[in-house]
file entry.cif (mmCIF, C-alpha atoms and all ligand atoms)
data_query
#
loop_
_atom_site.label_atom_id
_atom_site.label_comp_id
_atom_site.auth_asym_id
_atom_site.auth_seq_id
_atom_site.Cartn_x
_atom_site.Cartn_y
_atom_site.Cartn_z
CA MET A 238 103.72 93.57 110.92
CA ALA A 239 105.15 96.71 109.41
CA GLN A 240 103.61 100.06 110.26
CA LYS A 241 105.48 102.09 107.67
CA TRP A 242 107.03 99.60 105.34
CA TYR A 243 105.44 98.18 102.26
CA PRO A 244 106.18 97.80 98.54
CA VAL A 245 105.31 100.43 95.97
CA ILE A 246 105.02 99.35 92.37
CA ASP A 247 106.18 101.41 89.43
CA TYR A 248 103.50 100.37 86.93
CA VAL A 249 105.38 102.00 84.04
CA GLU A 250 108.30 99.62 84.56
CA CYS A 251 106.31 96.58 85.72
CA VAL A 252 106.02 93.83 83.11
CA GLU A 253 103.39 91.89 85.08
CA CYS A 254 105.49 88.77 85.50
CA GLY A 255 103.68 88.05 88.77
CA ILE A 256 106.81 86.93 90.62
CA CYS A 257 106.29 89.33 93.52
CA ILE A 258 102.76 88.05 94.11
CA LYS A 259 103.80 84.42 93.88
CA LYS A 260 106.85 84.71 96.11
CA CYS A 261 105.55 86.87 98.96
CA PRO A 262 104.74 84.44 101.78
CA HIS A 263 102.89 87.09 103.77
CA GLY A 264 99.87 87.73 101.58
CA VAL A 265 100.66 91.38 100.93
CA TYR A 266 99.51 91.24 97.30
CA ASP A 267 96.00 90.69 95.99
CA THR A 268 96.29 87.27 94.32
CA SER A 269 92.96 87.72 92.56
CA LYS A 270 94.56 90.51 90.48
CA ALA A 271 97.63 88.42 89.46
CA PRO A 272 99.77 88.83 87.47
CA SER A 273 99.15 92.53 88.02
CA PRO A 274 100.75 93.44 91.39
CA VAL A 275 98.28 95.16 93.69
CA VAL A 276 99.36 95.77 97.28
CA LYS A 277 96.23 94.85 99.20
CA TYR A 278 97.51 94.27 102.74
CA PRO A 279 100.47 96.65 103.28
CA GLU A 280 100.19 96.10 107.04
CA SER A 281 101.21 92.45 106.52
CA CYS A 282 104.53 93.39 104.94
CA ILE A 283 107.55 92.60 107.08
CA ASP A 284 109.65 95.49 108.28
CA HIS A 285 112.88 95.75 106.25
CA CYS A 286 112.04 92.78 104.03
CA HIS A 287 113.15 93.32 100.43
CA GLY A 288 111.98 89.90 99.28
CA CYS A 289 109.83 90.85 96.31
CA GLY A 290 112.08 93.78 95.35
CA ASN A 291 115.06 91.43 95.20
CA LEU A 292 113.21 89.24 92.72
CA CYS A 293 111.63 91.82 90.45
CA PRO A 294 113.36 91.51 87.05
CA VAL A 295 112.87 95.17 86.11
CA ASP A 296 113.49 97.01 89.43
CA ALA A 297 109.86 98.11 89.59
CA ILE A 298 109.58 97.76 93.39
CA THR A 299 110.67 100.24 96.04
CA TYR A 300 109.58 100.49 99.68
CA VAL A 301 107.88 103.11 101.75
CA GLY A 302 110.12 103.72 104.76
CA ASP A 303 113.29 102.38 103.15
CA ASP A 304 116.34 104.19 104.49
CA MET A 305 118.82 101.35 104.14
CA GLY A 306 120.46 102.30 100.88
CA TRP A 307 119.09 99.12 99.34
CA ALA A 308 119.40 98.75 95.57
CA PRO A 309 117.37 96.20 93.62
CA PRO A 310 119.54 93.43 92.12
CA LYS A 311 117.41 93.20 88.96
CA GLY A 312 115.87 89.84 89.65
CA ASN A 313 119.16 88.16 90.52
CA THR A 314 117.46 85.22 92.20
CA GLU A 315 120.79 83.46 92.76
CA SER A 316 121.75 85.82 95.53
CA ALA A 317 118.40 87.26 96.42
CA GLU A 318 116.63 86.44 99.63
CA VAL A 319 113.01 85.66 98.99
CA CYS A 320 111.83 87.08 102.25
CA CYS A 321 112.71 88.05 105.77
CA SER A 322 114.55 85.82 108.20
CA CYS A 323 111.44 83.80 109.07
CA GLY A 324 112.56 80.86 106.93
CA ASN A 325 109.09 80.69 105.42
CA ASN A 326 110.36 80.86 101.90
CA GLU A 327 111.53 78.64 99.14
CA LYS A 328 115.18 78.27 99.98
CA SER A 329 116.63 74.85 99.38
CA ASP A 330 115.48 72.46 102.09
CA LYS A 331 119.00 71.07 102.09
CA LYS A 332 120.41 74.30 103.45
CA VAL A 333 120.70 74.74 107.19
CA LEU A 334 121.40 78.20 108.56
CA VAL A 335 122.19 78.22 112.26
CA GLU A 336 122.35 81.65 113.86
CA TYR A 337 123.43 82.42 117.38
CA LEU A 338 121.90 85.71 118.51
CA TYR A 339 123.04 87.35 121.73
CA LEU A 340 123.19 90.64 123.56
CA ASP A 341 126.70 90.41 124.93
CA ILE A 342 129.47 87.91 124.59
CA GLN A 343 132.12 89.83 126.53
CA THR A 344 130.70 89.72 130.03
CA CYS A 345 127.35 87.95 130.07
CA ASP A 346 127.84 84.49 131.59
CA ARG A 347 124.88 82.84 129.93
CA CYS A 348 125.65 84.27 126.47
CA ILE A 349 129.29 83.16 126.79
CA GLY A 350 128.29 79.75 128.16
CA THR A 351 125.62 79.12 125.52
CA ASP A 352 128.04 80.20 122.80
CA SER A 353 130.54 77.60 123.87
CA VAL A 354 127.95 74.81 124.24
CA LEU A 355 126.53 75.66 120.81
CA ASP A 356 130.05 75.49 119.31
CA GLU A 357 130.44 72.02 120.80
CA ALA A 358 127.06 70.88 119.47
CA MET A 359 127.81 72.27 116.01
CA MET A 360 131.17 70.53 115.90
CA VAL A 361 129.32 67.24 116.13
CA LEU A 362 126.23 68.10 114.07
CA THR A 363 127.97 69.81 111.14
CA PRO A 364 129.84 66.77 109.80
CA ALA A 365 126.79 64.55 110.31
CA LEU A 366 124.47 66.94 108.46
CA LYS A 367 127.04 67.43 105.69
CA LEU A 368 127.25 63.67 105.32
CA ALA A 369 123.48 63.65 104.85
CA GLY A 370 123.86 66.17 102.01
CA TYR A 371 123.03 69.39 103.89
CA GLU A 372 124.81 72.66 103.35
CA ILE A 373 125.56 74.25 106.72
CA GLU A 374 126.07 77.90 107.56
CA TYR A 375 126.74 78.92 111.15
CA ASN A 376 126.77 82.60 112.12
CA LYS A 377 127.02 84.53 115.36
CA ILE A 378 125.28 87.88 115.54
CA GLU A 379 125.44 90.42 118.32
CA ILE A 380 122.06 92.11 118.61
CA LYS A 381 123.39 95.60 119.23
CA THR A 382 120.31 97.62 118.37
CA GLU A 383 116.52 97.54 118.30
CA GLU A 384 116.72 97.47 114.50
CA LEU A 385 118.73 94.25 114.59
CA ALA A 386 116.32 92.78 117.15
CA ARG A 387 113.45 93.47 114.76
CA LYS A 388 115.35 92.14 111.78
CA TYR A 389 116.02 88.82 113.48
CA GLN A 390 112.66 88.61 115.30
CA PHE A 391 114.72 88.45 118.49
CA LEU A 392 112.61 87.57 121.51
CA SER A 393 115.12 86.88 124.23
CA SER A 394 118.87 86.61 124.77
CA PRO A 395 120.45 84.29 123.92
CA THR A 396 118.58 82.76 120.98
CA ILE A 397 119.47 80.00 118.57
CA GLN A 398 117.65 80.08 115.25
CA VAL A 399 117.65 77.44 112.55
CA ASN A 400 116.56 78.75 109.16
CA GLY A 401 115.07 81.74 110.94
CA LYS A 402 113.14 79.75 113.54
CA ASP A 403 113.87 79.89 117.24
CA VAL A 404 114.76 76.36 118.36
CA CYS A 405 112.96 77.02 121.64
CA GLN A 406 109.20 76.79 121.43
CA SER A 407 108.63 79.39 124.13
CA VAL A 408 110.45 82.09 126.06
CA ALA A 409 111.28 81.70 129.73
CA GLU A 410 113.49 84.23 131.49
CA ASN A 411 114.94 85.26 134.80
CA SER A 412 116.89 88.25 136.01
CA CYS A 413 120.32 88.57 134.39
CA GLY A 414 122.91 90.36 136.53
CA CYS A 415 125.36 90.78 133.64
CA CYS A 416 122.94 92.37 131.17
CA SER A 417 121.40 94.45 133.97
CA GLU A 418 124.85 95.83 134.66
CA ILE A 419 125.53 96.54 130.98
CA SER A 420 122.30 98.51 130.64
CA GLY A 421 122.13 99.94 134.17
CA THR A 422 118.58 98.64 134.55
CA ASP A 423 116.85 95.41 135.53
CA VAL A 424 116.90 93.05 132.56
CA ASP A 425 115.79 89.45 132.20
CA CYS A 426 117.51 86.95 129.95
CA ARG A 427 116.62 83.56 128.67
CA VAL A 428 116.57 80.33 130.62
CA PHE A 429 116.28 76.96 128.92
CA GLU A 430 113.81 74.37 130.14
CA TYR A 431 114.72 70.78 129.43
CA LYS A 432 113.43 67.54 130.90
CA GLY A 433 111.91 69.26 133.92
CA GLU A 434 115.02 71.31 134.73
CA THR A 435 115.78 74.97 134.11
CA TYR A 436 119.20 76.02 132.86
CA GLU A 437 120.81 79.40 132.29
CA VAL A 438 123.28 77.65 129.98
CA PRO A 439 121.59 74.86 128.05
CA PRO A 440 122.99 71.33 128.02
CA LYS A 441 124.63 70.25 124.77
CA GLU A 442 122.13 67.42 124.43
CA MET A 443 119.23 69.88 124.53
CA LEU A 444 120.69 72.11 121.81
CA ALA A 445 121.53 69.17 119.55
CA GLU A 446 118.02 67.78 119.92
CA ALA A 447 116.36 71.17 119.35
CA ILE A 448 118.47 71.93 116.26
CA LEU A 449 117.81 68.54 114.70
CA GLN A 450 114.08 68.76 115.45
CA THR A 451 113.98 72.15 113.76
CA VAL A 452 115.95 70.93 110.73
CA PHE A 453 113.84 67.84 110.27
CA GLY A 454 110.55 69.50 111.02
CA ALA A 455 109.56 67.65 114.18
CA ALA A 456 109.45 70.90 116.09
CA GLU A 457 106.51 73.21 115.60
CA SER A 458 107.19 75.46 112.71
CA GLY A 459 105.54 78.32 110.92
CA CYS A 460 106.34 81.89 110.28
CA THR A 461 105.70 84.12 113.27
CA CYS A 462 107.46 87.15 111.86
CA GLY A 463 104.24 88.93 111.01
CA GLU A 464 103.43 89.02 114.72
CA TYR A 465 106.75 90.32 115.98
CA ARG A 466 106.85 93.01 118.63
CA LEU A 467 110.05 94.08 120.34
CA PRO A 468 109.67 92.71 123.89
CA LYS A 469 109.50 95.37 126.59
CA ASN A 470 112.40 93.74 128.37
CA LEU A 471 114.67 94.19 125.33
CA LYS A 472 113.49 97.76 124.83
CA THR A 473 114.50 98.43 128.43
CA PHE A 474 117.92 96.90 127.74
CA PHE A 475 118.59 99.00 124.62
CA ASP A 476 117.27 102.20 126.22
CA GLY A 477 119.43 101.61 129.30
CA LYS A 478 122.52 100.83 127.25
CA ASN A 479 122.05 103.96 125.12
CA THR A 480 121.53 106.14 128.17
CA LYS A 481 124.65 104.71 129.80
CA LYS A 482 126.61 105.35 126.62
CA SER A 483 125.47 108.95 126.36
CA ASN A 484 126.30 109.54 130.05
CA LYS A 485 129.89 108.43 129.60
CA CYS A 486 132.64 110.74 130.77
CA SER A 487 134.22 112.85 128.04
CA CYS A 488 137.41 110.84 128.59
CA GLY A 489 135.58 107.90 126.99
CA GLY A 490 135.74 105.78 130.12
CA ASP A 491 133.40 104.93 133.00
CA CYS A 492 135.34 106.93 135.57
CA CYS A 493 132.64 109.47 136.42
S1 LIG B 1 108.01 89.69 99.93
FE1 LIG B 1 108.57 90.79 101.80
S2 LIG B 1 108.72 92.93 101.13
FE2 LIG B 1 107.58 91.88 99.53
S3 LIG B 1 105.47 92.24 100.11
FE3 LIG B 1 106.09 90.25 100.95
S4 LIG B 1 106.73 90.73 103.07
FE4 LIG B 1 106.67 92.66 101.94
S1 LIG B 2 108.01 91.25 90.11
FE1 LIG B 2 108.22 93.33 89.26
S2 LIG B 2 107.67 93.11 87.09
FE2 LIG B 2 106.94 91.26 88.12
S3 LIG B 2 104.81 91.77 88.63
FE3 LIG B 2 106.05 92.30 90.43
S4 LIG B 2 106.50 94.48 90.14
FE4 LIG B 2 105.80 93.71 88.17
#
call {"tool": "encode", "arguments": {"input": "entry.cif", "output": "structure tokens"}}
result
Amino acid sequence: MAQKWYPVIDYVECVECGICIKKCPHGVYDTSKAPSPVVKYPESCIDHCHGCGNLCPVDAITYVGDDMGWAPPKGNTESAEVCCSCGNNEKSDKKVLVEYLYLDIQTCDRCIGTDSVLDEAMMVLTPALKLAGYEIEYNKIEIKTEELARKYQFLSSPTIQVNGKDVCQSVAENSCGCCSEISGTDVDCRVFEYKGETYEVPPKEMLAEAILQTVFGAAESGCTCGEYRLPKNLKTFFDGKNTKKSNKCSCGGDCC
């Protein structure tokens, strides 16, 4: 839920096509006024989502709070994202976007381990899904800042998302020595629960099953992005990392 982010309509430019009302999956617009766009629930708009603005054919939508240098693509729906990363949109259901989100892949054992297990799982799943007619995109994203954490609805490190949905149904964590060291404060990271066992690095079988369940809809789905709050644990991590960075010796190293 955005506090200071919502669409503003330029009614001089607006041609009342109604696309923004129809395409917003978060109920920001008053549908009873369609096709005239009336922002009824600005608090439901998703922080940094440009979904409706990307689709507006006449560039009539801007956003309160927008400092990203975003420019409307004049209704170029080919490249436009309909909404945020929640996956609750109308993208082709034959497209599978797998995203690996992590805090640190240089020193954190569980991020490094999960990365390698996910690579192995994707090596097997990708050709099988392609054979079934799916288009696969696989990205790895370091969540360096709070802004990125919000953008990706990041709840815990590491996270695997399929079409914007976390493949894990819940978050379980324990203390992570590596990320605590990076941030200079006590930080918890994700553990994976599977068949009665708890793993800091998930088994390949678990990831393959979770990804396939998410793709084929057996796992619980639904957009949760409207409810996102940066977890306190992650806030602690980013604050600690920033403090450590600003306390660095003028030589640029960690000598002092
Ligand atoms: S499409 Fe995105 S930006 Fe537009 S109103 Fe809905 S949530 Fe907000
Ligand atoms: S998409 Fe643009 S032109 Fe169409 S109703 Fe919304 S603001 Fe108006």
call {"tool": "residues_near_ligand", "arguments": {"input": "entry.cif", "ligand": "ligand LIG 2 (chain B)", "cutoff": "6 Å", "atoms": "all atoms listed in the file", "output": "PDB file with C-alpha atoms, in the coordinates of the input"}}
result
ATOM      1  CA  ILE A 246     105.020  99.350  92.370  1.00  0.00           C
ATOM      2  CA  CYS A 251     106.310  96.580  85.720  1.00  0.00           C
ATOM      3  CA  VAL A 252     106.020  93.830  83.110  1.00  0.00           C
ATOM      4  CA  GLU A 253     103.390  91.890  85.080  1.00  0.00           C
ATOM      5  CA  CYS A 254     105.490  88.770  85.500  1.00  0.00           C
ATOM      6  CA  GLY A 255     103.680  88.050  88.770  1.00  0.00           C
ATOM      7  CA  ILE A 256     106.810  86.930  90.620  1.00  0.00           C
ATOM      8  CA  CYS A 257     106.290  89.330  93.520  1.00  0.00           C
ATOM      9  CA  PRO A 272      99.770  88.830  87.470  1.00  0.00           C
ATOM     10  CA  SER A 273      99.150  92.530  88.020  1.00  0.00           C
ATOM     11  CA  PRO A 274     100.750  93.440  91.390  1.00  0.00           C
ATOM     12  CA  CYS A 293     111.630  91.820  90.450  1.00  0.00           C
ATOM     13  CA  PRO A 294     113.360  91.510  87.050  1.00  0.00           C
ATOM     14  CA  VAL A 295     112.870  95.170  86.110  1.00  0.00           C
ATOM     15  CA  ALA A 297     109.860  98.110  89.590  1.00  0.00           C
ATOM     16  CA  ILE A 298     109.580  97.760  93.390  1.00  0.00           C
TER      17      ILE A 298
END
call {"tool": "residues_near_ligand", "arguments": {"input": "entry.cif", "ligand": "ligand LIG 1 (chain B)", "cutoff": "7 Å", "atoms": "all atoms listed in the file", "output": "list in words"}}
result
Tyr243, Pro244, Cys257, Lys260, Cys261, Pro262, His263, Gly264, Val265, Tyr266, Ser281, Cys282, Ile283, Cys286, His287, Gly288, Cys289, Gly290, Val319, Cys320 and Cys321 of chain A
call {"tool": "residues_around", "arguments": {"input": "entry.cif", "residues": "A:Lys331", "least_positions_apart": "2", "cutoff": "10 Å", "atoms": "all atoms listed in the file", "output": "count of residues only"}}
result
12
call {"tool": "residues_near_point", "arguments": {"input": "entry.cif", "point": "(116.1, 78.8, 132.4)", "cutoff": "6 Å", "atoms": "only C-alpha atoms", "output": "JSON, numbers by chain"}}
result
{"A": [428, 429, 430, 435, 436, 437]}
call {"tool": "write_last_selection", "arguments": {"input": "entry.cif", "atoms": "C-alpha atoms", "output": "short mmCIF file (atom, residue, chain, number, x, y, z; two decimals), in the frame of the given file"}}
result
data_model
loop_
_atom_site.label_atom_id
_atom_site.label_comp_id
_atom_site.auth_asym_id
_atom_site.auth_seq_id
_atom_site.Cartn_x
_atom_site.Cartn_y
_atom_site.Cartn_z
CA VAL A 428 116.57 80.33 130.62
CA PHE A 429 116.28 76.96 128.92
CA GLU A 430 113.81 74.37 130.14
CA THR A 435 115.78 74.97 134.11
CA TYR A 436 119.20 76.02 132.86
CA GLU A 437 120.81 79.40 132.29
#
call {"tool": "atom_distance", "arguments": {"input": "entry.cif", "atom1": "atom CA of A:Arg427", "atom2": "atom CA of A:Leu392"}}
result
9.1 Å
call {"tool": "atom_distance", "arguments": {"input": "entry.cif", "atom1": "atom CA of A:Val438", "atom2": "atom CA of A:Phe474"}}
result
20.1 Å
call {"tool": "atom_distance", "arguments": {"input": "entry.cif", "atom1": "atom CA of A:Pro309", "atom2": "atom CA of A:Lys388"}}
result
18.7 Å
call {"tool": "closest_residue", "arguments": {"input": "entry.cif", "among": "A:Ala358, A:Gly306, A:Thr396, A:Glu336", "to": "A:Asn376", "atoms": "all atoms listed in the file"}}
result
A:Glu336
call {"tool": "residues_around", "arguments": {"input": "entry.cif", "residues": "A:Cys405", "least_positions_apart": "6", "cutoff": "10 Å", "atoms": "all atoms listed in the file", "output": "list in words"}}
result
Thr396, Ile397, Gln398, Phe429, Glu430, Met443, Leu444, Ala447, Ile448, Thr451, Ala456 and Glu457 of chain A
call {"tool": "closest_residue", "arguments": {"input": "entry.cif", "among": "A:Gln450, A:Ser353, A:Asn470, A:Ser407", "to": "A:Cys426", "atoms": "only C-alpha atoms"}}
result
A:Asn470
call {"tool": "axis_aligned_box", "arguments": {"input": "entry.cif", "around": "stretch 363-366 of chain A", "padding_each_side": "5 Å", "output": "lines of an AutoDock Vina configuration file"}}
result
center_x = 127.2
center_y = 67.2
center_z = 109.8
size_x = 15.4
size_y = 15.3
size_z = 12.7
call {"tool": "closest_residue", "arguments": {"input": "entry.cif", "among": "A:Ser412, A:Tyr465, A:Pro440, A:Val399", "to": "A:Phe453", "atoms": "all atoms listed in the file"}}
result
A:Val399
call {"tool": "closest_residue", "arguments": {"input": "entry.cif", "among": "A:Glu418, A:Asp341, A:Asp267, A:Asp296", "to": "A:Glu379", "atoms": "all atoms listed in the file"}}
result
A:Asp341
call {"tool": "residues_around", "arguments": {"input": "entry.cif", "residues": "A:Leu467", "least_positions_apart": "2", "cutoff": "12 Å", "atoms": "all atoms listed in the file", "output": "PyMOL selection string"}}
result
chain A and resi 238+382-393+462+464-465+469-475
call {"tool": "closest_residue", "arguments": {"input": "entry.cif", "among": "A:Val361, A:Asn291, A:Val245, A:Asp304", "to": "A:Val275", "atoms": "only C-alpha atoms"}}
result
A:Val245
call {"tool": "closest_residue", "arguments": {"input": "entry.cif", "among": "A:Leu449, A:Cys416, A:Ile258, A:Ala308", "to": "A:Cys345", "atoms": "all atoms listed in the file"}}
result
A:Cys416
